$ cat final00.pdb   # PDB, C-alpha atoms
ATOM      1  CA  MET A   4      48.354 149.603  91.438
ATOM      2  CA  ILE A   5      46.093 151.950  93.382
ATOM      3  CA  ARG A   6      47.650 150.877  96.704
ATOM      4  CA  THR A   7      51.153 151.566  95.368
ATOM      5  CA  ALA A   8      50.120 155.019  94.154
ATOM      6  CA  THR A   9      48.472 155.790  97.497
ATOM      7  CA  LEU A  10      51.552 154.679  99.409
ATOM      8  CA  THR A  11      53.802 156.767  97.169
ATOM      9  CA  VAL A  12      51.634 159.852  97.682
ATOM     10  CA  ALA A  13      51.547 159.267 101.457
ATOM     11  CA  LEU A  14      55.325 158.932 101.624
ATOM     12  CA  ALA A  15      55.827 161.998  99.465
ATOM     13  CA  PHE A  16      53.880 164.078 101.974
ATOM     14  CA  SER A  17      55.323 162.514 105.141
ATOM     15  CA  ILE A  18      59.029 162.667 104.291
ATOM     16  CA  PRO A  19      59.139 166.458 103.817
ATOM     17  CA  ALA A  20      57.199 166.855 107.065
ATOM     18  CA  LEU A  21      59.870 164.910 108.929
ATOM     19  CA  ALA A  22      62.671 166.880 107.275
ATOM     20  CA  GLN A  23      61.092 170.211 108.229
ATOM     21  CA  THR A  24      60.864 169.287 111.888
ATOM     22  CA  GLU A  25      64.632 168.899 112.222
ATOM     23  CA  ASP A  26      64.672 172.671 111.773
ATOM     24  CA  LEU A  27      62.238 173.211 114.664
ATOM     25  CA  LYS A  28      63.045 176.463 116.423
ATOM     26  CA  ILE A  29      61.808 178.750 119.161
ATOM     27  CA  GLY A  30      58.544 180.408 118.163
ATOM     28  CA  ASP A  31      57.432 177.528 115.919
ATOM     29  CA  ALA A  32      54.140 175.769 116.492
ATOM     30  CA  ALA A  33      54.767 172.690 118.610
ATOM     31  CA  PRO A  34      54.064 169.447 116.764
ATOM     32  CA  THR A  35      50.920 167.985 118.303
ATOM     33  CA  PHE A  36      50.481 164.381 119.339
ATOM     34  CA  THR A  37      48.406 161.778 121.088
ATOM     35  CA  LEU A  38      50.391 158.984 122.751
ATOM     36  CA  PRO A  39      49.702 156.099 125.144
ATOM     37  CA  VAL A  40      50.421 156.731 128.829
ATOM     38  CA  TYR A  41      52.658 154.360 130.813
ATOM     39  CA  ASN A  42      51.248 155.515 134.142
ATOM     40  CA  PRO A  43      47.575 156.437 133.684
ATOM     41  CA  PRO A  44      45.715 157.489 136.823
ATOM     42  CA  PRO A  45      43.068 155.049 138.124
ATOM     43  CA  ASN A  46      40.013 155.324 135.870
ATOM     44  CA  GLY A  47      41.861 158.042 133.934
ATOM     45  CA  PRO A  48      42.739 158.412 130.281
ATOM     46  CA  THR A  49      45.190 155.926 128.784
ATOM     47  CA  THR A  50      46.382 158.431 126.194
ATOM     48  CA  ALA A  51      47.592 162.019 126.433
ATOM     49  CA  SER A  52      47.406 164.710 123.804
ATOM     50  CA  LEU A  53      49.156 168.059 123.561
ATOM     51  CA  ASP A  54      45.835 169.538 122.438
ATOM     52  CA  THR A  55      44.480 168.840 125.936
ATOM     53  CA  TYR A  56      46.752 171.598 127.246
ATOM     54  CA  ILE A  57      47.181 174.115 124.419
ATOM     55  CA  GLY A  58      44.989 176.183 122.175
ATOM     56  CA  PRO A  59      41.637 177.905 122.639
ATOM     57  CA  ASP A  60      39.726 174.599 122.756
ATOM     58  CA  ALA A  61      42.028 172.905 125.291
ATOM     59  CA  ASP A  62      40.297 170.740 127.877
ATOM     60  CA  ASP A  63      42.694 171.884 130.606
ATOM     61  CA  LYS A  64      41.696 175.535 131.000
ATOM     62  CA  GLY A  65      44.292 176.113 133.728
ATOM     63  CA  SER A  66      47.375 175.182 131.706
ATOM     64  CA  LYS A  67      49.744 177.986 130.742
ATOM     65  CA  ALA A  68      52.979 176.153 129.913
ATOM     66  CA  ILE A  69      53.872 172.545 129.187
ATOM     67  CA  VAL A  70      57.281 171.014 129.791
ATOM     68  CA  LEU A  71      57.944 168.186 127.336
ATOM     69  CA  SER A  72      60.910 166.121 128.454
ATOM     70  CA  PHE A  73      62.216 163.382 126.153
ATOM     71  CA  PHE A  74      64.028 160.559 127.929
ATOM     72  CA  ALA A  75      64.991 156.892 127.842
ATOM     73  CA  THR A  76      65.625 154.406 130.617
ATOM     74  CA  PHE A  77      69.251 154.054 129.471
ATOM     75  CA  CYS A  78      69.865 157.825 129.866
ATOM     76  CA  ALA A  79      71.300 158.459 133.344
ATOM     77  CA  PRO A  80      70.914 162.295 133.215
ATOM     78  CA  CYS A  81      67.273 161.831 132.163
ATOM     79  CA  LYS A  82      66.568 159.642 135.168
ATOM     80  CA  ARG A  83      68.357 162.066 137.525
ATOM     81  CA  GLU A  84      66.100 164.940 136.496
ATOM     82  CA  MET A  85      62.827 163.058 137.066
ATOM     83  CA  PRO A  86      62.497 164.071 140.735
ATOM     84  CA  TYR A  87      63.273 167.680 139.817
ATOM     85  CA  LEU A  88      60.542 167.656 137.152
ATOM     86  CA  GLU A  89      58.134 166.225 139.720
ATOM     87  CA  GLN A  90      59.103 168.979 142.151
ATOM     88  CA  LEU A  91      58.505 171.674 139.508
ATOM     89  CA  SER A  92      55.202 170.068 138.568
ATOM     90  CA  GLU A  93      54.006 170.170 142.169
ATOM     91  CA  MET A  94      55.340 173.679 142.861
ATOM     92  CA  TYR A  95      53.818 175.310 139.776
ATOM     93  CA  LYS A  96      50.748 173.176 139.045
ATOM     94  CA  ASP A  97      48.401 175.855 140.399
ATOM     95  CA  ALA A  98      50.239 178.493 138.343
ATOM     96  CA  GLY A  99      49.497 176.518 135.161
ATOM     97  CA  LEU A 100      52.543 174.289 134.629
ATOM     98  CA  ARG A 101      51.989 170.839 133.154
ATOM     99  CA  VAL A 102      54.800 168.299 132.731
ATOM    100  CA  LEU A 103      54.872 165.411 130.263
ATOM    101  CA  MET A 104      57.773 163.003 129.845
ATOM    102  CA  ILE A 105      58.073 161.109 126.583
ATOM    103  CA  SER A 106      59.950 157.814 126.614
ATOM    104  CA  ILE A 107      61.774 156.943 123.403
ATOM    105  CA  ASP A 108      62.591 153.425 124.620
ATOM    106  CA  ARG A 109      61.931 151.010 121.768
ATOM    107  CA  ASP A 110      61.567 147.664 123.523
ATOM    108  CA  ASP A 111      58.858 146.217 125.748
ATOM    109  CA  ALA A 112      61.430 145.659 128.504
ATOM    110  CA  ALA A 113      61.272 149.397 129.241
ATOM    111  CA  ALA A 114      57.758 149.234 130.715
ATOM    112  CA  PRO A 115      58.756 147.665 134.074
ATOM    113  CA  LYS A 116      61.784 149.973 134.287
ATOM    114  CA  ILE A 117      59.548 152.988 133.768
ATOM    115  CA  ALA A 118      57.083 151.682 136.344
ATOM    116  CA  ASP A 119      59.977 151.431 138.830
ATOM    117  CA  LEU A 120      61.127 154.983 138.025
ATOM    118  CA  VAL A 121      57.572 156.297 138.494
ATOM    119  CA  LYS A 122      57.352 154.598 141.880
ATOM    120  CA  GLN A 123      60.859 155.579 143.066
ATOM    121  CA  ASN A 124      60.381 159.228 142.101
ATOM    122  CA  HIS A 125      56.692 159.530 143.080
ATOM    123  CA  ILE A 126      55.851 160.785 139.577
ATOM    124  CA  SER A 127      52.353 162.228 139.297
ATOM    125  CA  PHE A 128      52.534 163.579 135.733
ATOM    126  CA  PRO A 129      52.019 161.414 132.618
ATOM    127  CA  ILE A 130      54.885 159.487 131.072
ATOM    128  CA  LEU A 131      54.152 158.813 127.426
ATOM    129  CA  LYS A 132      55.219 156.017 125.105
ATOM    130  CA  ASP A 133      56.889 156.979 121.806
ATOM    131  CA  ARG A 134      58.164 153.487 121.034
ATOM    132  CA  PHE A 135      58.662 154.089 117.323
ATOM    133  CA  ASN A 136      60.106 157.577 117.911
ATOM    134  CA  PHE A 137      57.691 159.308 115.548
ATOM    135  CA  LEU A 138      57.277 162.226 117.937
ATOM    136  CA  ALA A 139      60.955 162.256 118.919
ATOM    137  CA  ARG A 140      61.977 162.688 115.271
ATOM    138  CA  ARG A 141      59.569 165.621 114.957
ATOM    139  CA  TYR A 142      61.072 167.391 117.977
ATOM    140  CA  LEU A 143      64.636 166.092 118.095
ATOM    141  CA  GLY A 144      65.487 165.314 114.489
ATOM    142  CA  SER A 145      67.243 162.157 113.434
ATOM    143  CA  SER A 146      69.957 162.242 116.114
ATOM    144  CA  ALA A 147      67.533 162.339 119.105
ATOM    145  CA  PRO A 148      69.968 163.796 121.680
ATOM    146  CA  LEU A 149      69.073 163.092 125.303
ATOM    147  CA  PRO A 150      68.092 164.595 127.579
ATOM    148  CA  SER A 151      66.016 167.084 125.614
ATOM    149  CA  LEU A 152      63.383 169.390 126.978
ATOM    150  CA  PHE A 153      60.905 171.859 125.438
ATOM    151  CA  ILE A 154      58.537 174.384 126.951
ATOM    152  CA  VAL A 155      55.364 174.984 124.961
ATOM    153  CA  THR A 156      53.126 177.929 125.873
ATOM    154  CA  ARG A 157      49.324 177.985 125.924
ATOM    155  CA  ASP A 158      49.251 179.411 122.396
ATOM    156  CA  GLY A 159      50.944 176.231 121.147
ATOM    157  CA  ASN A 160      54.323 177.739 120.340
ATOM    158  CA  ILE A 161      57.723 176.538 121.486
ATOM    159  CA  GLN A 162      59.161 179.053 123.925
ATOM    160  CA  THR A 163      62.244 177.122 125.037
ATOM    161  CA  MET A 164      64.342 174.315 123.564
ATOM    162  CA  ASN A 165      67.111 172.410 125.312
ATOM    163  CA  ARG A 166      68.401 169.568 123.124
ATOM    164  CA  GLY A 167      71.026 167.150 124.400
ATOM    165  CA  TYR A 168      72.138 169.373 127.255
ATOM    166  CA  GLY A 169      75.006 168.258 129.467
ATOM    167  CA  LYS A 170      74.285 170.398 132.502
ATOM    168  CA  ASP A 171      71.886 169.668 135.333
ATOM    169  CA  ALA A 172      68.381 170.896 134.442
ATOM    170  CA  SER A 173      68.042 172.541 137.845
ATOM    171  CA  THR A 174      70.648 175.112 136.753
ATOM    172  CA  PHE A 175      68.383 176.568 134.055
ATOM    173  CA  LEU A 176      64.883 175.090 134.107
ATOM    174  CA  LEU A 177      63.374 176.976 137.057
ATOM    175  CA  ALA A 178      63.987 180.352 135.403
ATOM    176  CA  GLN A 179      62.629 179.084 132.071
ATOM    177  CA  VAL A 180      59.481 177.688 133.698
ATOM    178  CA  ARG A 181      58.858 180.856 135.685
ATOM    179  CA  GLN A 182      59.308 182.977 132.567
ATOM    180  CA  ALA A 183      56.891 180.783 130.580
ATOM    181  CA  LEU A 184      54.313 181.152 133.369
ATOM    182  CA  GLY A 185      54.781 184.937 133.459
ATOM    183  CA  LEU A 186      56.209 184.876 136.998
ATOM    184  CA  GLY A 187      59.599 186.462 136.334
ATOM    185  CA  ALA A 188      62.889 184.616 136.237
ATOM    186  CA  LYS A 189      63.578 184.359 139.986
ATOM    187  CA  PRO A 190      61.237 183.456 142.836
ATOM    188  CA  LYS A 191      60.830 186.050 145.577
ATOM    189  CA  GLN A 192      62.647 185.134 148.750
TER
END
$ encode --input "final00.pdb" --output "C-alpha coordinates"
Amino acid sequence: MIRTATLTVALAFSIPALAQTEDLKIGDAAPTFTLPVYNPPPNGPTTASLDTYIGPDADDKGSKAIVLSFFATFCAPCKREMPYLEQLSEMYKDAGLRVLMISIDRDDAAAPKIADLVKQNHISFPILKDRFNFLARRYLGSSAPLPSLFIVTRDGNIQTMNRGYGKDASTFLLAQVRQALGLGAKPKQ
(Lines of atoms letter the chains of each structure in order from A and count residues from 1; the text may use other names and numbers.)
(Lines give C-alpha, C1' and ligand atoms only; values in the text may rest on other atoms or scores of the structure.)
Protein backbone atom coordinates (compact mmCIF):
# COMPACT_ATOMS: atom_id res chain seq x y z
CA MET A 1 0.00 0.00 0.00
CA ILE A 2 2.79 2.43 0.85
CA ARG A 3 4.55 1.74 -2.48
CA THR A 4 1.34 2.44 -4.40
CA ALA A 5 0.82 5.72 -2.54
CA THR A 6 4.43 6.74 -3.16
CA LEU A 7 4.15 5.94 -6.86
CA THR A 8 0.90 7.90 -7.12
CA VAL A 9 2.46 10.93 -5.42
CA ALA A 10 5.55 10.70 -7.66
CA LEU A 11 3.41 10.54 -10.80
CA ALA A 12 1.24 13.41 -9.63
CA PHE A 13 4.30 15.63 -9.39
CA SER A 14 6.03 14.44 -12.58
CA ILE A 15 3.11 14.67 -15.00
CA PRO A 16 2.47 18.40 -14.46
CA ALA A 17 6.21 19.02 -14.83
CA LEU A 18 6.17 17.38 -18.24
CA ALA A 19 3.07 19.29 -19.30
CA GLN A 20 4.61 22.63 -18.32
CA THR A 21 7.70 22.05 -20.41
CA GLU A 22 5.71 21.86 -23.64
CA ASP A 23 5.14 25.57 -23.06
CA LEU A 24 8.88 26.28 -22.81
CA LYS A 25 9.63 29.71 -24.21
CA ILE A 26 12.44 32.20 -24.65
CA GLY A 27 13.53 33.62 -21.31
CA ASP A 28 12.56 30.49 -19.34
CA ALA A 29 15.10 28.66 -17.22
CA ALA A 30 16.56 25.82 -19.27
CA PRO A 31 15.68 22.39 -17.90
CA THR A 32 18.88 20.96 -16.45
CA PHE A 33 20.15 17.45 -17.05
CA THR A 34 22.93 14.94 -16.68
CA LEU A 35 23.19 12.41 -19.51
CA PRO A 36 25.66 9.74 -20.66
CA VAL A 37 28.13 10.75 -23.38
CA TYR A 38 28.47 8.67 -26.56
CA ASN A 39 31.91 10.08 -27.33
CA PRO A 40 33.72 10.80 -24.05
CA PRO A 41 37.29 12.07 -24.35
CA PRO A 42 40.05 9.65 -23.25
CA ASN A 43 40.08 9.59 -19.44
CA GLY A 44 37.29 12.18 -19.51
CA PRO A 45 33.83 12.24 -17.98
CA THR A 46 31.29 9.72 -19.26
CA THR A 47 28.38 12.02 -18.43
CA ALA A 48 27.66 15.66 -19.21
CA SER A 49 25.54 18.08 -17.25
CA LEU A 50 24.12 21.46 -18.19
CA ASP A 51 25.16 22.68 -14.74
CA THR A 52 28.80 22.27 -15.82
CA TYR A 53 28.32 25.23 -18.16
CA ILE A 54 25.69 27.48 -16.58
CA GLY A 55 25.12 29.23 -13.31
CA PRO A 56 27.43 30.85 -10.76
CA ASP A 57 28.84 27.49 -9.61
CA ALA A 58 29.56 26.14 -13.11
CA ASP A 59 32.77 24.17 -13.48
CA ASP A 60 33.43 25.66 -16.92
CA LYS A 61 34.16 29.29 -16.03
CA GLY A 62 34.74 30.24 -19.67
CA SER A 63 31.31 29.24 -21.00
CA LYS A 64 28.97 32.04 -22.05
CA ALA A 65 26.45 30.27 -24.30
CA ILE A 66 25.52 26.65 -24.90
CA VAL A 67 24.02 25.33 -28.12
CA LEU A 68 21.81 22.31 -27.43
CA SER A 69 21.01 20.49 -30.65
CA PHE A 70 18.53 17.60 -30.56
CA PHE A 71 19.00 15.04 -33.32
CA ALA A 72 18.53 11.42 -34.37
CA THR A 73 20.48 9.24 -36.76
CA PHE A 74 17.40 8.93 -38.99
CA CYS A 75 17.15 12.75 -39.38
CA ALA A 76 19.02 13.77 -42.54
CA PRO A 77 18.95 17.56 -41.81
CA CYS A 78 20.34 16.84 -38.32
CA LYS A 79 23.27 14.92 -39.76
CA ARG A 80 23.94 17.63 -42.38
CA GLU A 81 24.33 20.30 -39.70
CA MET A 82 26.86 18.35 -37.61
CA PRO A 83 29.93 19.69 -39.45
CA TYR A 84 28.54 23.22 -39.19
CA LEU A 85 28.07 22.83 -35.42
CA GLU A 86 31.64 21.55 -35.18
CA GLN A 87 32.85 24.56 -37.15
CA LEU A 88 30.97 26.97 -34.85
CA SER A 89 32.30 25.14 -31.80
CA GLU A 90 35.88 25.54 -33.00
CA MET A 91 35.45 29.15 -34.15
CA TYR A 92 33.83 30.41 -30.95
CA LYS A 93 35.21 28.09 -28.26
CA ASP A 94 37.57 30.79 -26.96
CA ALA A 95 34.69 33.29 -26.95
CA GLY A 96 32.71 30.99 -24.64
CA LEU A 97 30.56 28.85 -26.95
CA ARG A 98 29.90 25.26 -25.93
CA VAL A 99 27.99 22.81 -28.15
CA LEU A 100 26.13 19.70 -26.99
CA MET A 101 24.17 17.39 -29.27
CA ILE A 102 21.49 15.21 -27.73
CA SER A 103 20.55 12.01 -29.54
CA ILE A 104 16.94 10.91 -29.15
CA ASP A 105 17.60 7.57 -30.85
CA ARG A 106 15.85 4.86 -28.83
CA ASP A 107 17.64 1.69 -29.90
CA ASP A 108 21.11 0.35 -29.21
CA ALA A 109 21.78 0.16 -32.95
CA ALA A 110 22.27 3.95 -32.93
CA ALA A 111 25.58 3.78 -31.03
CA PRO A 112 27.72 2.58 -33.98
CA LYS A 113 25.95 5.02 -36.31
CA ILE A 114 26.73 7.88 -33.94
CA ALA A 115 30.34 6.72 -33.64
CA ASP A 116 30.58 6.83 -37.45
CA LEU A 117 29.06 10.33 -37.57
CA VAL A 118 31.51 11.54 -34.90
CA LYS A 119 34.43 10.16 -36.90
CA GLN A 120 33.20 11.40 -40.32
CA ASN A 121 32.54 14.91 -39.03
CA HIS A 122 35.53 15.15 -36.65
CA ILE A 123 33.19 16.03 -33.77
CA SER A 124 35.00 17.29 -30.69
CA PHE A 125 31.99 18.31 -28.57
CA PRO A 126 29.93 15.83 -26.50
CA ILE A 127 27.07 13.89 -28.03
CA LEU A 128 24.65 12.84 -25.32
CA LYS A 129 22.30 9.88 -25.04
CA ASP A 130 18.62 10.59 -24.30
CA ARG A 131 17.41 7.10 -25.17
CA PHE A 132 14.13 7.37 -23.29
CA ASN A 133 13.55 10.95 -24.48
CA PHE A 134 13.04 12.35 -20.98
CA LEU A 135 15.04 15.46 -21.82
CA ALA A 136 13.60 15.74 -25.33
CA ARG A 137 10.06 15.86 -23.92
CA ARG A 138 11.11 18.65 -21.55
CA TYR A 139 12.52 20.76 -24.39
CA LEU A 140 10.53 19.63 -27.42
CA GLY A 141 7.18 18.54 -26.01
CA SER A 142 5.44 15.38 -27.06
CA SER A 143 5.93 15.83 -30.82
CA ALA A 144 9.77 16.11 -30.67
CA PRO A 145 10.27 17.91 -34.02
CA LEU A 146 13.73 17.52 -35.54
CA PRO A 147 16.06 19.19 -35.98
CA SER A 148 15.62 21.39 -32.93
CA LEU A 149 18.18 23.70 -31.44
CA PHE A 150 18.32 25.91 -28.32
CA ILE A 151 20.83 28.46 -27.11
CA VAL A 152 21.13 28.74 -23.34
CA THR A 153 23.06 31.66 -21.84
CA ARG A 154 25.39 31.56 -18.84
CA ASP A 155 22.56 32.64 -16.54
CA GLY A 156 20.71 29.43 -17.42
CA ASN A 157 17.95 30.99 -19.49
CA ILE A 158 16.86 30.05 -22.99
CA GLN A 159 17.81 32.84 -25.37
CA THR A 160 16.93 31.16 -28.67
CA MET A 161 14.63 28.31 -29.71
CA ASN A 162 14.45 26.70 -33.13
CA ARG A 163 12.07 23.72 -33.11
CA GLY A 164 11.63 21.55 -36.18
CA TYR A 165 13.11 24.08 -38.57
CA GLY A 166 13.19 23.30 -42.28
CA LYS A 167 15.93 25.69 -43.33
CA ASP A 168 19.67 25.13 -43.18
CA ALA A 169 21.02 26.12 -39.75
CA SER A 170 23.85 28.07 -41.36
CA THR A 171 21.27 30.63 -42.55
CA PHE A 172 20.42 31.73 -39.00
CA LEU A 173 22.65 30.11 -36.38
CA LEU A 174 25.81 32.21 -36.77
CA ALA A 175 23.96 35.43 -35.96
CA GLN A 176 22.19 33.80 -33.00
CA VAL A 177 25.46 32.43 -31.60
CA ARG A 178 27.25 35.75 -32.01
CA GLN A 179 24.39 37.58 -30.30
CA ALA A 180 24.38 35.11 -27.39
CA LEU A 181 28.14 35.63 -26.98
CA GLY A 182 27.74 39.42 -27.06
CA LEU A 183 29.69 39.76 -30.32
CA GLY A 184 27.03 41.42 -32.47
CA ALA A 185 25.06 39.71 -35.20
CA LYS A 186 27.64 39.84 -38.02
CA PRO A 187 31.37 39.12 -37.94
CA LYS A 188 33.66 41.94 -39.02
CA GLN A 189 35.14 41.41 -42.45
$ closest_residue --input "final00.pdb" --among "A:Pro150, A:Leu53, A:Leu143, A:Ile161" --to "Ala79 of chain A" --atoms "only C-alpha atoms"
A:Pro150
$ resolve_selection --input "final00.pdb" --expression "the PyMOL selection byres ((chain A and resi 100) around 7)" --output "list in words"
Ser66, Lys67, Ala68, Ile69, Ser92, Tyr95, Lys96, Ala98, Gly99, Arg101 and Val102 of chain A
$ axis_aligned_box --input "final00.pdb" --around "segment 150-160 of chain A" --padding-each-side "4 Å" --output "AutoDock Vina command-line options"
--center_x 58.7 --center_y 172.0 --center_z 124.0 --size_x 26.8 --size_y 22.8 --size_z 15.2
$ resolve_selection --input "final00.pdb" --expression "the PyMOL selection byres ((chain A and resi 158) around 12)" --output "MDAnalysis selection string"
chainID A and resid 30:33 53:54 56:61 66:69 154:157 159:162 183
$ residues_around --input "final00.pdb" --residues "Ile105 of chain A" --least-positions-apart "3" --cutoff "7 Å" --atoms "all atoms listed in the file" --output "VMD selection string"
chain A and resid 72 to 74 130 to 133
$ atom_distance --input "final00.pdb" --atom1 "atom CA of Thr49 of chain A" --atom2 "atom CA of Phe128 of chain A"
12.7 Å
$ residues_near_point --input "final00.pdb" --point "(60.1, 167.7, 117.2)" --cutoff "10 Å" --atoms "only C-alpha atoms" --output "CSV table (one decimal) with C-alpha atoms, in the coordinates of the input"
chain,number,residue,atom,x,y,z
A,21,LEU,CA,59.9,164.9,108.9
A,23,GLN,CA,61.1,170.2,108.2
A,24,THR,CA,60.9,169.3,111.9
A,25,GLU,CA,64.6,168.9,112.2
A,26,ASP,CA,64.7,172.7,111.8
A,27,LEU,CA,62.2,173.2,114.7
A,28,LYS,CA,63.0,176.5,116.4
A,33,ALA,CA,54.8,172.7,118.6
A,34,PRO,CA,54.1,169.4,116.8
A,35,THR,CA,50.9,168.0,118.3
A,137,PHE,CA,57.7,159.3,115.5
A,138,LEU,CA,57.3,162.2,117.9
A,139,ALA,CA,61.0,162.3,118.9
A,140,ARG,CA,62.0,162.7,115.3
A,141,ARG,CA,59.6,165.6,115.0
A,142,TYR,CA,61.1,167.4,118.0
A,143,LEU,CA,64.6,166.1,118.1
A,144,GLY,CA,65.5,165.3,114.5
A,145,SER,CA,67.2,162.2,113.4
A,147,ALA,CA,67.5,162.3,119.1
A,153,PHE,CA,60.9,171.9,125.4
$ atom_distance --input "final00.pdb" --atom1 "atom CA of Leu120 of chain A" --atom2 "atom CA of Tyr41 of chain A"
11.1 Å
$ atom_distance --input "final00.pdb" --atom1 "atom CA of Ser106 of chain A" --atom2 "atom CA of Leu186 of chain A"
29.2 Å
$ closest_residue --input "final00.pdb" --among "A:Arg134, A:Cys78, A:Asp97, A:Ala118" --to "Pro39 of chain A" --atoms "all atoms listed in the file"
A:Arg134
$ closest_residue --input "final00.pdb" --among "A:Arg181, A:Thr76, A:Phe36, A:Leu152" --to "Asp119 of chain A" --atoms "only C-alpha atoms"
A:Thr76
$ resolve_selection --input "final00.pdb" --expression "the PyMOL selection byres ((chain A and resi 168-180) around 7)" --output "list in words"
Glu84, Pro150, Ser151, Asn165, Arg166, Gly167, Arg181, Gln182, Ala183, Leu184, Ala188 and Lys189 of chain A
$ closest_residue --input "final00.pdb" --among "A:Leu149, A:Met164, A:Ile126, A:Leu38" --to "Pro86 of chain A" --atoms "only C-alpha atoms"
A:Ile126
$ closest_residue --input "final00.pdb" --among "A:Cys81, A:Leu103, A:Ala75, A:Glu93" --to "Thr55 of chain A" --atoms "all atoms listed in the file"
A:Leu103
